[in-house]
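Raw contents of protein-v8.cif, mmCIF, N, CA and C atoms and all ligand atoms:
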data_query
loop_
_atom_site.group_PDB
_atom_site.id
_atom_site.type_symbol
_atom_site.label_atom_id
_atom_site.label_comp_id
_atom_site.auth_asym_id
_atom_site.auth_seq_id
_atom_site.Cartn_x
_atom_site.Cartn_y
_atom_site.Cartn_z
ATOM 1 N N MET U 1 -37.530 36.104 -54.594
ATOM 2 C CA MET U 1 -36.153 36.230 -54.117
ATOM 3 C C MET U 1 -35.996 37.501 -53.291
ATOM 4 N N GLY U 2 -35.312 37.379 -52.183
ATOM 5 C CA GLY U 2 -35.162 38.519 -51.300
ATOM 6 C C GLY U 2 -34.029 39.436 -51.707
ATOM 7 N N HIS U 3 -33.985 40.574 -51.035
ATOM 8 C CA HIS U 3 -32.929 41.536 -51.298
ATOM 9 C C HIS U 3 -32.147 41.787 -50.024
ATOM 10 N N VAL U 4 -30.952 42.275 -50.214
ATOM 11 C CA VAL U 4 -30.092 42.548 -49.079
ATOM 12 C C VAL U 4 -29.378 43.881 -49.318
ATOM 13 N N GLN U 5 -29.263 44.665 -48.247
ATOM 14 C CA GLN U 5 -28.465 45.896 -48.324
ATOM 15 C C GLN U 5 -27.016 45.480 -48.160
ATOM 16 N N CYS U 6 -26.286 45.497 -49.252
ATOM 17 C CA CYS U 6 -24.952 44.896 -49.269
ATOM 18 C C CYS U 6 -23.902 45.871 -48.732
ATOM 19 N N VAL U 7 -23.074 45.390 -47.800
ATOM 20 C CA VAL U 7 -22.056 46.264 -47.215
ATOM 21 C C VAL U 7 -20.857 46.435 -48.149
ATOM 22 N N ARG U 8 -20.700 45.570 -49.145
ATOM 23 C CA ARG U 8 -19.534 45.700 -50.029
ATOM 24 C C ARG U 8 -19.796 46.699 -51.138
ATOM 25 N N CYS U 9 -20.937 46.523 -51.858
ATOM 26 C CA CYS U 9 -21.175 47.399 -53.007
ATOM 27 C C CYS U 9 -22.138 48.540 -52.666
ATOM 28 N N GLY U 10 -22.769 48.468 -51.490
ATOM 29 C CA GLY U 10 -23.650 49.538 -51.071
ATOM 30 C C GLY U 10 -25.015 49.527 -51.736
ATOM 31 N N GLN U 11 -25.298 48.515 -52.535
ATOM 32 C CA GLN U 11 -26.580 48.436 -53.243
ATOM 33 C C GLN U 11 -27.584 47.587 -52.467
ATOM 34 N N LEU U 12 -28.872 47.899 -52.709
ATOM 35 C CA LEU U 12 -29.927 46.981 -52.301
ATOM 36 C C LEU U 12 -30.064 45.997 -53.468
ATOM 37 N N ALA U 13 -29.587 44.796 -53.271
ATOM 38 C CA ALA U 13 -29.420 43.884 -54.401
ATOM 39 C C ALA U 13 -29.929 42.491 -54.062
ATOM 40 N N ASP U 14 -30.020 41.640 -55.093
ATOM 41 C CA ASP U 14 -30.491 40.273 -54.886
ATOM 42 C C ASP U 14 -29.622 39.555 -53.859
ATOM 43 N N GLU U 15 -30.284 38.825 -52.981
ATOM 44 C CA GLU U 15 -29.536 38.076 -51.973
ATOM 45 C C GLU U 15 -28.805 36.898 -52.612
ATOM 46 N N ILE U 16 -27.937 36.295 -51.834
ATOM 47 C CA ILE U 16 -27.162 35.147 -52.328
ATOM 48 C C ILE U 16 -28.094 33.955 -52.508
ATOM 49 N N ALA U 17 -28.025 33.326 -53.676
ATOM 50 C CA ALA U 17 -28.930 32.213 -53.986
ATOM 51 C C ALA U 17 -28.231 30.856 -53.932
ATOM 52 N N VAL U 18 -26.957 30.865 -53.623
ATOM 53 C CA VAL U 18 -26.202 29.614 -53.583
ATOM 54 C C VAL U 18 -25.761 29.345 -52.143
ATOM 55 N N PRO U 19 -25.386 28.128 -51.829
ATOM 56 C CA PRO U 19 -24.920 27.852 -50.462
ATOM 57 C C PRO U 19 -23.645 28.622 -50.150
ATOM 58 N N VAL U 20 -23.573 29.180 -48.953
ATOM 59 C CA VAL U 20 -22.352 29.848 -48.515
ATOM 60 C C VAL U 20 -21.766 29.032 -47.376
ATOM 61 N N TRP U 21 -20.750 29.569 -46.733
ATOM 62 C CA TRP U 21 -20.113 28.873 -45.624
ATOM 63 C C TRP U 21 -21.137 28.601 -44.539
ATOM 64 N N GLY U 22 -20.918 27.551 -43.792
ATOM 65 C CA GLY U 22 -21.816 27.213 -42.691
ATOM 66 C C GLY U 22 -21.526 28.062 -41.463
ATOM 67 N N GLY U 23 -22.364 27.885 -40.475
ATOM 68 C CA GLY U 23 -22.120 28.503 -39.174
ATOM 69 C C GLY U 23 -22.451 29.981 -39.135
ATOM 70 N N LYS U 24 -21.934 30.632 -38.104
ATOM 71 C CA LYS U 24 -22.255 32.027 -37.834
ATOM 72 C C LYS U 24 -21.794 32.939 -38.964
ATOM 73 N N ILE U 25 -20.615 32.644 -39.495
ATOM 74 C CA ILE U 25 -20.086 33.517 -40.545
ATOM 75 C C ILE U 25 -20.941 33.415 -41.802
ATOM 76 N N GLY U 26 -21.456 32.220 -42.085
ATOM 77 C CA GLY U 26 -22.340 32.049 -43.230
ATOM 78 C C GLY U 26 -23.608 32.880 -43.091
ATOM 79 N N GLU U 27 -24.156 32.894 -41.883
ATOM 80 C CA GLU U 27 -25.357 33.697 -41.627
ATOM 81 C C GLU U 27 -25.068 35.175 -41.793
ATOM 82 N N GLU U 28 -23.894 35.600 -41.306
ATOM 83 C CA GLU U 28 -23.502 37.005 -41.422
ATOM 84 C C GLU U 28 -23.361 37.389 -42.895
ATOM 85 N N VAL U 29 -22.714 36.531 -43.660
ATOM 86 C CA VAL U 29 -22.524 36.797 -45.088
ATOM 87 C C VAL U 29 -23.872 36.908 -45.787
ATOM 88 N N LYS U 30 -24.764 35.950 -45.512
ATOM 89 C CA LYS U 30 -26.080 35.954 -46.161
ATOM 90 C C LYS U 30 -26.874 37.211 -45.832
ATOM 91 N N ALA U 31 -26.705 37.710 -44.610
ATOM 92 C CA ALA U 31 -27.484 38.872 -44.168
ATOM 93 C C ALA U 31 -26.925 40.179 -44.721
ATOM 94 N N ARG U 32 -25.624 40.214 -45.099
ATOM 95 C CA ARG U 32 -24.983 41.500 -45.379
ATOM 96 C C ARG U 32 -24.348 41.614 -46.755
ATOM 97 N N ILE U 33 -24.313 40.510 -47.506
ATOM 98 C CA ILE U 33 -23.610 40.520 -48.790
ATOM 99 C C ILE U 33 -24.572 40.088 -49.898
ATOM 100 N N CYS U 34 -24.509 40.766 -51.049
ATOM 101 C CA CYS U 34 -25.406 40.421 -52.156
ATOM 102 C C CYS U 34 -24.828 39.279 -52.999
ATOM 103 N N GLY U 35 -25.672 38.726 -53.845
ATOM 104 C CA GLY U 35 -25.280 37.590 -54.669
ATOM 105 C C GLY U 35 -24.119 37.895 -55.591
ATOM 106 N N ALA U 36 -24.114 39.096 -56.184
ATOM 107 C CA ALA U 36 -23.045 39.455 -57.128
ATOM 108 C C ALA U 36 -21.704 39.562 -56.408
ATOM 109 N N CYS U 37 -21.712 40.155 -55.227
ATOM 110 C CA CYS U 37 -20.455 40.294 -54.486
ATOM 111 C C CYS U 37 -19.965 38.930 -53.994
ATOM 112 N N TRP U 38 -20.892 38.063 -53.631
ATOM 113 C CA TRP U 38 -20.483 36.729 -53.219
ATOM 114 C C TRP U 38 -19.845 35.987 -54.401
ATOM 115 N N ALA U 39 -20.427 36.149 -55.579
ATOM 116 C CA ALA U 39 -19.867 35.513 -56.778
ATOM 117 C C ALA U 39 -18.454 36.043 -57.039
ATOM 118 N N ALA U 40 -18.261 37.351 -56.827
ATOM 119 C CA ALA U 40 -16.922 37.933 -57.009
ATOM 120 C C ALA U 40 -15.944 37.304 -56.018
ATOM 121 N N TRP U 41 -16.403 37.099 -54.775
ATOM 122 C CA TRP U 41 -15.536 36.486 -53.773
ATOM 123 C C TRP U 41 -15.192 35.038 -54.141
ATOM 124 N N THR U 42 -16.148 34.270 -54.671
ATOM 125 C CA THR U 42 -15.836 32.870 -54.971
ATOM 126 C C THR U 42 -14.733 32.783 -56.031
ATOM 127 N N ASP U 43 -14.693 33.736 -56.963
ATOM 128 C CA ASP U 43 -13.566 33.798 -57.907
ATOM 129 C C ASP U 43 -12.267 34.110 -57.161
ATOM 130 N N GLN U 44 -12.344 35.138 -56.318
ATOM 131 C CA GLN U 44 -11.173 35.578 -55.567
ATOM 132 C C GLN U 44 -10.681 34.472 -54.629
ATOM 133 N N GLN U 45 -11.619 33.744 -54.056
ATOM 134 C CA GLN U 45 -11.276 32.682 -53.109
ATOM 135 C C GLN U 45 -10.349 31.651 -53.771
ATOM 136 N N THR U 46 -10.671 31.292 -55.000
ATOM 137 C CA THR U 46 -9.835 30.333 -55.729
ATOM 138 C C THR U 46 -8.421 30.871 -55.872
ATOM 139 N N LYS U 47 -8.315 32.172 -56.189
ATOM 140 C CA LYS U 47 -6.988 32.791 -56.336
ATOM 141 C C LYS U 47 -6.232 32.789 -55.014
ATOM 142 N N VAL U 48 -6.949 33.119 -53.926
ATOM 143 C CA VAL U 48 -6.299 33.167 -52.606
ATOM 144 C C VAL U 48 -5.787 31.778 -52.224
ATOM 145 N N ILE U 49 -6.621 30.764 -52.429
ATOM 146 C CA ILE U 49 -6.224 29.396 -52.075
ATOM 147 C C ILE U 49 -4.985 28.990 -52.858
ATOM 148 N N ASN U 50 -4.952 29.322 -54.135
ATOM 149 C CA ASN U 50 -3.791 28.963 -54.960
ATOM 150 C C ASN U 50 -2.560 29.777 -54.581
ATOM 151 N N GLU U 51 -2.763 31.080 -54.410
ATOM 152 C CA GLU U 51 -1.636 31.958 -54.131
ATOM 153 C C GLU U 51 -0.935 31.586 -52.830
ATOM 154 N N TYR U 52 -1.721 31.325 -51.793
ATOM 155 C CA TYR U 52 -1.134 31.016 -50.489
ATOM 156 C C TYR U 52 -1.026 29.521 -50.245
ATOM 157 N N ARG U 53 -1.387 28.719 -51.263
ATOM 158 C CA ARG U 53 -1.346 27.253 -51.140
ATOM 159 C C ARG U 53 -2.038 26.788 -49.868
ATOM 160 N N LEU U 54 -3.262 27.257 -49.697
ATOM 161 C CA LEU U 54 -3.991 26.930 -48.474
ATOM 162 C C LEU U 54 -4.483 25.484 -48.516
ATOM 163 N N ASN U 55 -4.406 24.849 -47.367
ATOM 164 C CA ASN U 55 -4.975 23.523 -47.178
ATOM 165 C C ASN U 55 -6.120 23.671 -46.185
ATOM 166 N N LEU U 56 -7.341 23.598 -46.711
ATOM 167 C CA LEU U 56 -8.500 23.943 -45.871
ATOM 168 C C LEU U 56 -8.807 22.887 -44.813
ATOM 169 N N ARG U 57 -8.026 21.808 -44.800
ATOM 170 C CA ARG U 57 -8.152 20.878 -43.673
ATOM 171 C C ARG U 57 -7.388 21.389 -42.462
ATOM 172 N N GLU U 58 -6.571 22.434 -42.667
ATOM 173 C CA GLU U 58 -5.809 23.008 -41.554
ATOM 174 C C GLU U 58 -6.489 24.267 -41.033
ATOM 175 N N ALA U 59 -6.580 24.355 -39.711
ATOM 176 C CA ALA U 59 -7.257 25.496 -39.091
ATOM 177 C C ALA U 59 -6.601 26.816 -39.494
ATOM 178 N N ALA U 60 -5.269 26.848 -39.556
ATOM 179 C CA ALA U 60 -4.572 28.099 -39.890
ATOM 180 C C ALA U 60 -4.945 28.570 -41.289
ATOM 181 N N SER U 61 -5.084 27.638 -42.213
ATOM 182 C CA SER U 61 -5.476 28.005 -43.578
ATOM 183 C C SER U 61 -6.905 28.532 -43.613
ATOM 184 N N ARG U 62 -7.775 27.889 -42.868
ATOM 185 C CA ARG U 62 -9.173 28.352 -42.836
ATOM 186 C C ARG U 62 -9.256 29.748 -42.232
ATOM 187 N N GLU U 63 -8.458 29.987 -41.183
ATOM 188 C CA GLU U 63 -8.453 31.318 -40.563
ATOM 189 C C GLU U 63 -7.975 32.376 -41.549
ATOM 190 N N MET U 64 -6.941 32.034 -42.297
ATOM 191 C CA MET U 64 -6.416 32.993 -43.257
ATOM 192 C C MET U 64 -7.452 33.284 -44.343
ATOM 193 N N LEU U 65 -8.115 32.243 -44.819
ATOM 194 C CA LEU U 65 -9.129 32.437 -45.852
ATOM 195 C C LEU U 65 -10.290 33.286 -45.315
ATOM 196 N N THR U 66 -10.652 33.056 -44.057
ATOM 197 C CA THR U 66 -11.712 33.860 -43.445
ATOM 198 C C THR U 66 -11.304 35.324 -43.365
ATOM 199 N N ARG U 67 -10.040 35.571 -42.983
ATOM 200 C CA ARG U 67 -9.550 36.957 -42.927
ATOM 201 C C ARG U 67 -9.607 37.611 -44.299
ATOM 202 N N GLU U 68 -9.150 36.888 -45.303
ATOM 203 C CA GLU U 68 -9.163 37.425 -46.669
ATOM 204 C C GLU U 68 -10.593 37.693 -47.134
ATOM 205 N N MET U 69 -11.511 36.805 -46.771
ATOM 206 C CA MET U 69 -12.902 36.981 -47.172
ATOM 207 C C MET U 69 -13.487 38.237 -46.536
ATOM 208 N N ARG U 70 -13.224 38.425 -45.244
ATOM 209 C CA ARG U 70 -13.749 39.614 -44.561
ATOM 210 C C ARG U 70 -13.202 40.892 -45.188
ATOM 211 N N LYS U 71 -11.914 40.862 -45.511
ATOM 212 C CA LYS U 71 -11.296 42.029 -46.138
ATOM 213 C C LYS U 71 -11.971 42.308 -47.496
ATOM 214 N N PHE U 72 -12.113 41.267 -48.285
ATOM 215 C CA PHE U 72 -12.665 41.400 -49.636
ATOM 216 C C PHE U 72 -14.113 41.890 -49.581
ATOM 217 N N LEU U 73 -14.868 41.385 -48.632
ATOM 218 C CA LEU U 73 -16.302 41.706 -48.580
ATOM 219 C C LEU U 73 -16.606 42.925 -47.696
ATOM 220 N N SER U 74 -15.566 43.560 -47.171
ATOM 221 C CA SER U 74 -15.761 44.715 -46.278
ATOM 222 C C SER U 74 -16.551 44.365 -45.025
ATOM 223 N N LEU U 75 -16.396 43.128 -44.571
ATOM 224 C CA LEU U 75 -17.005 42.745 -43.296
ATOM 225 C C LEU U 75 -15.981 42.987 -42.197
ATOM 226 N N PRO U 76 -16.388 43.673 -41.126
ATOM 227 C CA PRO U 76 -15.439 43.911 -40.039
ATOM 228 C C PRO U 76 -14.998 42.581 -39.426
ATOM 229 N N ALA U 77 -13.770 42.541 -38.953
ATOM 230 C CA ALA U 77 -13.257 41.325 -38.316
ATOM 231 C C ALA U 77 -14.083 41.004 -37.081
ATOM 232 N N SER U 78 -14.279 39.739 -36.835
ATOM 233 C CA SER U 78 -15.018 39.343 -35.637
ATOM 234 C C SER U 78 -14.129 39.543 -34.428
ATOM 235 N N SER U 79 -14.732 39.846 -33.306
ATOM 236 C CA SER U 79 -13.936 40.079 -32.118
ATOM 237 C C SER U 79 -13.803 38.797 -31.329
HETATM 238 ZN ZN ZN G 1 -22.872 43.646 -53.170
#
Structure re-expressed in structure tokens:
Amino acid sequence: MGHVQCVRCGQLADEIAVPVWGGKIGEEVKARICGACWAAWTDQQTKVINEYRLNLREAASREMLTREMRKFLSLPASS
């Protein structure tokens, strides 16, 4: 199992071992976030979806969830 220098917790830690989001953002997450921090986000993600009543079939909801994820994981916003 590989390791990743995680931007959220600052540790050199085990990489994510579960599937993450697809596409470019998924690759970014895999390269910069450790497994433990990703697990913390998946808990938080459920709370965010419930709190804001997000419907992930809607682009606006997906954008909001992406923003919340970047904030939570200390990933800079994409330009
Ligand atoms: Zn981490």
Determine, counting only N, CA and C atoms, which protein, DNA and RNA residues have an atom within 8 Å of an atom of Leu65 of chain U; residues of the same chain fewer than 5 positions away are not included. Present the result as a PyMOL selection string. chain U and resi 45+48-49+54+59-60+70-71
Run the PyMOL selection byres (((chain U and resi 7) around 7) and not hetatm) on the file and write out the hits as a VMD selection string. chain U and resid 4 to 6 8 to 11 32 to 34 73 to 75
Mind working out the centre and edge lengths of an axis-aligned box for segment 58-65 of chain U, all listed atoms inside, 5 Å added to each side, rounded to one decimal in Å and written as JSON?
{"center_x": -7.4, "center_y": 27.9, "center_z": -42.5, "size_x": 15.7, "size_y": 20.9, "size_z": 16.8}
Nearest residue to ligand ZN 1 (chain G) out of U:Met69, U:Asn55, U:Trp38, U:Val29, using all atoms listed in the file?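 So, comparing all the options, the nearest one is U:Trp38.
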Work out how far apart atom C of Met1 of chain U and atom N of Glu15 of chain U are and give it in Å to one decimal.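 So the answer is 5.9 Å.
You can rank U:Arg67, U:Gly35, U:Asp43, U:Arg62 by their closest distance to ligand ZN 1 (chain G) using only N, CA and C atoms and all ligand atoms, and at the top of that list sits U:Gly35.
Rounded to one decimal, atom N of Lys24 of chain U and atom CA of Thr66 of chain U lie 12.0 Å from each other.
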For each of U:Glu51, U:Asp14, U:Glu58, U:Glu63, take the minimum atom-to-atom distance to ligand ZN 1 (chain G), counting all atoms listed in the file, then give the residue where this is smallest.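 So, comparing all the options, the nearest one is U:Asp14.
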Quote the spacing between atom CA of Gln44 of chain U and atom CA of Phe72 of chain U in Å to one decimal place.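 Atom CA of Phe72 of chain U lies at a distance of 8.4 Å from atom CA of Gln44 of chain U.
Of the residues under consideration (U:Ala39, U:Val18, U:Ala77, U:Met64), U:Ala39 shows the shortest atom-to-atom contact distance to ligand ZN 1 (chain G) when counting only C-alpha atoms and all ligand atoms.
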Top pick for closest residue to ligand ZN 1 (chain G), considering U:Ser61, U:Asn50, U:Leu12, U:Lys30 and counting only N, CA and C atoms and all ligand atoms: U:Leu12
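Take the candidates U:Thr42, U:Glu68, U:Arg53, U:Ala13 and check each one against ligand ZN 1 (chain G) using only N, CA and C atoms and all ligand atoms; the shortest distance goes to U:Ala13.
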Identify, with DSSP run on backbone atoms, the residues in segment 5-75 of chain U assigned to strand (DSSP E), and express the list as a ChimeraX atom specification. /U:5,12-14
Only N, CA and C atoms, please: the residues just picked out, written as a short mmCIF file (atom, residue, chain, number, x, y, z; two decimals), in the coordinates of the input.
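Final output, again_24.cif:
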data_model
loop_
_atom_site.label_atom_id
_atom_site.label_comp_id
_atom_site.auth_asym_id
_atom_site.auth_seq_id
_atom_site.Cartn_x
_atom_site.Cartn_y
_atom_site.Cartn_z
N GLN U 5 -29.26 44.66 -48.25
CA GLN U 5 -28.46 45.90 -48.32
C GLN U 5 -27.02 45.48 -48.16
N LEU U 12 -28.87 47.90 -52.71
CA LEU U 12 -29.93 46.98 -52.30
C LEU U 12 -30.06 46.00 -53.47
N ALA U 13 -29.59 44.80 -53.27
CA ALA U 13 -29.42 43.88 -54.40
C ALA U 13 -29.93 42.49 -54.06
N ASP U 14 -30.02 41.64 -55.09
CA ASP U 14 -30.49 40.27 -54.89
C ASP U 14 -29.62 39.56 -53.86
#
